[in-house]
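S.K.: This one is input_2.tsv, TSV, C-alpha atoms.
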```
chain	number	residue	atom	x	y	z
S	1	MET	CA	-40.43	10.99	54.10
S	2	GLN	CA	-40.67	14.35	55.87
S	3	VAL	CA	-38.01	17.04	56.14
S	4	TRP	CA	-37.81	18.70	59.56
S	5	LEU	CA	-35.81	21.83	60.42
S	6	ALA	CA	-34.76	22.12	64.05
S	7	VAL	CA	-35.67	25.67	65.06
S	8	GLY	CA	-32.85	27.74	66.55
S	9	HIS	CA	-29.21	26.74	66.32
S	10	THR	CA	-27.38	23.56	67.21
S	11	ASP	CA	-23.85	22.90	68.38
S	12	MET	CA	-22.16	21.74	65.17
S	13	ARG	CA	-19.59	19.70	67.11
S	14	ARG	CA	-22.31	17.11	67.61
S	15	GLY	CA	-22.10	13.84	65.71
S	16	MET	CA	-24.81	11.50	64.51
S	17	ASN	CA	-25.40	9.80	67.89
S	18	SER	CA	-25.73	13.10	69.72
S	19	LEU	CA	-28.03	14.57	67.05
S	20	ALA	CA	-30.17	11.40	67.07
S	21	LEU	CA	-30.50	11.76	70.83
S	22	GLN	CA	-31.53	15.41	70.34
S	23	VAL	CA	-34.21	14.33	67.84
S	24	GLN	CA	-35.50	11.82	70.36
S	25	GLU	CA	-35.41	13.93	73.51
S	26	ARG	CA	-35.91	17.54	72.41
S	27	LEU	CA	-37.92	17.13	69.21
S	28	LYS	CA	-39.91	14.14	70.54
S	29	ARG	CA	-39.55	12.25	67.24
S	30	ASP	CA	-38.11	8.89	66.21
S	31	PRO	CA	-34.73	9.40	64.49
S	32	HIS	CA	-35.00	5.90	62.94
S	33	ALA	CA	-38.32	6.54	61.14
S	34	GLY	CA	-36.72	7.60	57.84
S	35	ASP	CA	-37.35	11.35	58.07
S	36	LEU	CA	-34.63	13.95	57.45
S	37	TYR	CA	-33.66	16.19	60.37
S	38	VAL	CA	-31.80	19.38	59.49
S	39	PHE	CA	-29.76	21.35	62.03
S	40	ARG	CA	-28.07	24.73	61.55
S	41	GLY	CA	-25.05	26.14	63.35
S	42	LYS	CA	-25.02	29.44	65.19
S	43	ARG	CA	-23.25	31.40	62.42
S	44	GLY	CA	-25.70	30.08	59.84
S	45	HIS	CA	-23.26	28.87	57.19
S	46	LEU	CA	-23.23	25.19	58.20
S	47	VAL	CA	-26.03	22.61	58.27
S	48	LYS	CA	-26.08	18.95	59.20
S	49	ILE	CA	-28.74	16.51	58.03
S	50	LEU	CA	-29.47	13.31	59.92
S	51	TRP	CA	-31.19	10.42	58.13
S	52	HIS	CA	-31.80	6.76	58.87
S	53	ASP	CA	-32.44	4.68	55.74
S	54	GLY	CA	-33.59	1.55	57.53
S	55	ILE	CA	-30.11	0.03	57.45
S	56	GLY	CA	-28.02	2.66	59.17
S	57	MET	CA	-27.70	6.29	60.18
S	58	SER	CA	-26.21	8.88	57.79
S	59	LEU	CA	-24.93	12.35	58.56
S	60	TYR	CA	-24.58	14.90	55.78
S	61	ALA	CA	-22.89	18.28	56.30
S	62	LYS	CA	-22.81	21.31	54.02
S	63	ARG	CA	-21.04	24.62	54.51
S	64	LEU	CA	-21.70	27.70	52.38
S	65	GLU	CA	-18.59	29.61	51.39
S	66	ARG	CA	-20.64	32.81	51.23
S	67	GLY	CA	-24.00	33.70	52.66
S	68	ARG	CA	-26.13	31.90	55.21
S	69	PHE	CA	-28.76	29.25	55.14
S	70	VAL	CA	-32.23	30.77	55.46
S	71	TRP	CA	-33.73	29.50	58.69
S	72	PRO	CA	-37.11	30.00	60.35
S	73	ALA	CA	-37.03	32.25	63.39
S	74	PRO	CA	-38.84	30.84	66.41
S	75	ALA	CA	-42.15	32.56	67.11
S	76	LYS	CA	-41.18	32.70	70.76
S	77	PRO	CA	-37.64	32.54	72.17
S	78	ALA	CA	-38.73	29.70	74.44
S	79	LEU	CA	-39.64	27.64	71.35
S	80	ALA	CA	-35.99	27.44	70.27
S	81	GLN	CA	-34.99	26.25	73.74
S	82	ALA	CA	-37.84	23.73	73.79
S	83	GLY	CA	-36.66	22.23	70.51
S	84	GLY	CA	-39.31	23.32	68.03
S	85	ILE	CA	-39.39	21.94	64.52
S	86	VAL	CA	-40.71	23.15	61.17
S	87	ALA	CA	-41.66	20.86	58.27
S	88	ILE	CA	-40.55	21.77	54.74
S	89	SER	CA	-40.78	19.95	51.41
S	90	ALA	CA	-37.92	18.11	49.71
S	91	ALA	CA	-37.93	20.80	46.99
S	92	GLN	CA	-37.54	23.53	49.63
S	93	LEU	CA	-34.63	21.59	51.14
S	94	ALA	CA	-32.98	21.39	47.70
S	95	TYR	CA	-33.33	25.18	47.32
S	96	MET	CA	-31.86	25.73	50.77
S	97	LEU	CA	-28.86	23.48	50.10
S	98	ASP	CA	-28.16	25.47	46.91
S	99	GLY	CA	-28.03	28.70	48.93
S	100	ILE	CA	-31.44	29.87	47.70
S	101	ASP	CA	-34.08	31.35	50.00
S	102	TRP	CA	-36.56	28.45	50.06
S	103	ARG	CA	-39.38	30.80	51.07
S	104	ASN	CA	-38.77	32.97	47.98
S	105	PRO	CA	-36.54	31.13	45.47
S	106	VAL	CA	-33.88	33.71	44.56
S	107	ARG	CA	-30.16	32.92	44.76
S	108	THR	CA	-28.48	34.57	47.73
S	109	TRP	CA	-25.06	34.29	46.09
S	110	ARG	CA	-23.65	32.73	42.94
S	111	PRO	CA	-20.00	32.47	41.94
S	112	GLU	CA	-19.02	34.67	39.03
S	113	VAL	CA	-18.23	32.93	35.76
S	114	ALA	CA	-14.63	33.45	34.70
S	115	GLY	CA	-14.62	34.84	31.21
```
What is this structure when it is put down as structure tokens?
M.R.:
Amino acid sequence: MQVWLAVGHTDMRRGMNSLALQVQERLKRDPHAGDLYVFRGKRGHLVKILWHDGIGMSLYAKRLERGRFVWPAPAKPALAQAGGIVAISAAQLAYMLDGIDWRNPVRTWRPEVAG
């Protein structure tokens, strides 16, 4: 299984059918192949993950209360419009979902412990 980040930002009003169509048409990949496709909203605090497990499609959403998800910047502005993708590891995805910079694992924000 591969983890793919969709470069640029995505309209977070989209549901699983619309995101699957985006994977097919813009990213030129098969959304039913079992890979994870990760999309980030414009403000950077919300991601959606699309995954097909062989039985059905799943859509996972996560919003950070503080901070933003670290996202690769497109090398060229046209790349974001063309639907570029970047592959990351499952461990890097886990870091990202915890609010940690997956390129340099340091927490971007952690809630304070009440004492």
S.K.: Write out as a PyMOL selection string which residues come within 12 Å of Ser18 (chain S) when counting all atoms listed in the file, dropping same-chain ones fewer than 4 positions away.
M.R.: chain S and resi 10-14+22-26+31+39+50+57+59
S.K.: Go through S:Leu64, S:Asn17, S:Asp35, S:Leu46 and flag the residue nearest Ala87 (chain S), using only C-alpha atoms for the distances.
M.R.: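 Smallest separation from Ala87 (chain S) among the options: S:Asp35.
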S.K.: When you draw a straight line from CA of Arg43 (chain S) to CA of Pro72 (chain S), how long is it in Å?
M.R.: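 Rounded to one decimal, the two atoms are 14.1 Å apart.
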S.K.: With all atoms listed in the file as the counted atoms, please give the residues lying no more than 12 Å from region 4-9 of chain S, apart from itself and same-chain residues fewer than 3 positions off, as a VMD selection string.
M.R.: chain S and resid 1 12 to 14 19 22 to 23 26 to 31 34 to 51 69 to 90 92 to 93 96
S.K.: Just to confirm, what's the straight-line distance from CA of Ala94 (chain S) to CA of Arg68 (chain S) in Å (one decimal)?
M.R.: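 Between CA of Ala94 (chain S) and CA of Arg68 (chain S) the gap works out to 14.6 Å.
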S.K.: How many Å separate CA of Met16 (chain S) from CA of Gln2 (chain S)?
M.R.: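 Here the two named atoms are 18.3 Å from each other.
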S.K.: Regenerate region 33-47 of chain S at the level of N, CA and C atoms and dump it as a JSON list (two decimals), in the coordinates of the input.
M.R.:
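Written out: selection27.json:
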```
[["chain", "number", "residue", "atom", "x", "y", "z"],
["S", 33, "ALA", "N", -37.09, 6.69, 61.93],
["S", 33, "ALA", "CA", -38.32, 6.54, 61.14],
["S", 33, "ALA", "C", -38.13, 6.84, 59.66],
["S", 34, "GLY", "N", -36.96, 7.33, 59.25],
["S", 34, "GLY", "CA", -36.72, 7.60, 57.84],
["S", 34, "GLY", "C", -36.89, 9.05, 57.44],
["S", 35, "ASP", "N", -37.23, 9.92, 58.37],
["S", 35, "ASP", "CA", -37.35, 11.35, 58.07],
["S", 35, "ASP", "C", -35.97, 12.00, 58.08],
["S", 36, "LEU", "N", -35.86, 13.16, 57.43],
["S", 36, "LEU", "CA", -34.63, 13.95, 57.45],
["S", 36, "LEU", "C", -34.75, 15.01, 58.54],
["S", 37, "TYR", "N", -33.70, 15.16, 59.32],
["S", 37, "TYR", "CA", -33.66, 16.19, 60.37],
["S", 37, "TYR", "C", -32.50, 17.11, 60.06],
["S", 38, "VAL", "N", -32.79, 18.40, 59.90],
["S", 38, "VAL", "CA", -31.80, 19.38, 59.49],
["S", 38, "VAL", "C", -31.50, 20.31, 60.65],
["S", 39, "PHE", "N", -30.22, 20.50, 60.93],
["S", 39, "PHE", "CA", -29.76, 21.35, 62.03],
["S", 39, "PHE", "C", -28.84, 22.41, 61.46],
["S", 40, "ARG", "N", -28.92, 23.63, 62.00],
["S", 40, "ARG", "CA", -28.07, 24.73, 61.55],
["S", 40, "ARG", "C", -27.21, 25.23, 62.69],
["S", 41, "GLY", "N", -25.96, 25.59, 62.36],
["S", 41, "GLY", "CA", -25.05, 26.14, 63.35],
["S", 41, "GLY", "C", -25.39, 27.58, 63.68],
["S", 42, "LYS", "N", -24.74, 28.10, 64.69],
["S", 42, "LYS", "CA", -25.02, 29.44, 65.19],
["S", 42, "LYS", "C", -24.72, 30.53, 64.15],
["S", 43, "ARG", "N", -23.61, 30.38, 63.42],
["S", 43, "ARG", "CA", -23.25, 31.40, 62.42],
["S", 43, "ARG", "C", -24.08, 31.31, 61.16],
["S", 44, "GLY", "N", -24.76, 30.19, 60.94],
["S", 44, "GLY", "CA", -25.70, 30.08, 59.84],
["S", 44, "GLY", "C", -25.13, 29.59, 58.52],
["S", 45, "HIS", "N", -23.84, 29.30, 58.47],
["S", 45, "HIS", "CA", -23.26, 28.87, 57.19],
["S", 45, "HIS", "C", -23.06, 27.36, 57.10],
["S", 46, "LEU", "N", -23.41, 26.63, 58.16],
["S", 46, "LEU", "CA", -23.23, 25.19, 58.20],
["S", 46, "LEU", "C", -24.52, 24.50, 58.62],
["S", 47, "VAL", "N", -24.89, 23.45, 57.88],
["S", 47, "VAL", "CA", -26.03, 22.61, 58.27],
["S", 47, "VAL", "C", -25.58, 21.16, 58.31]]
```
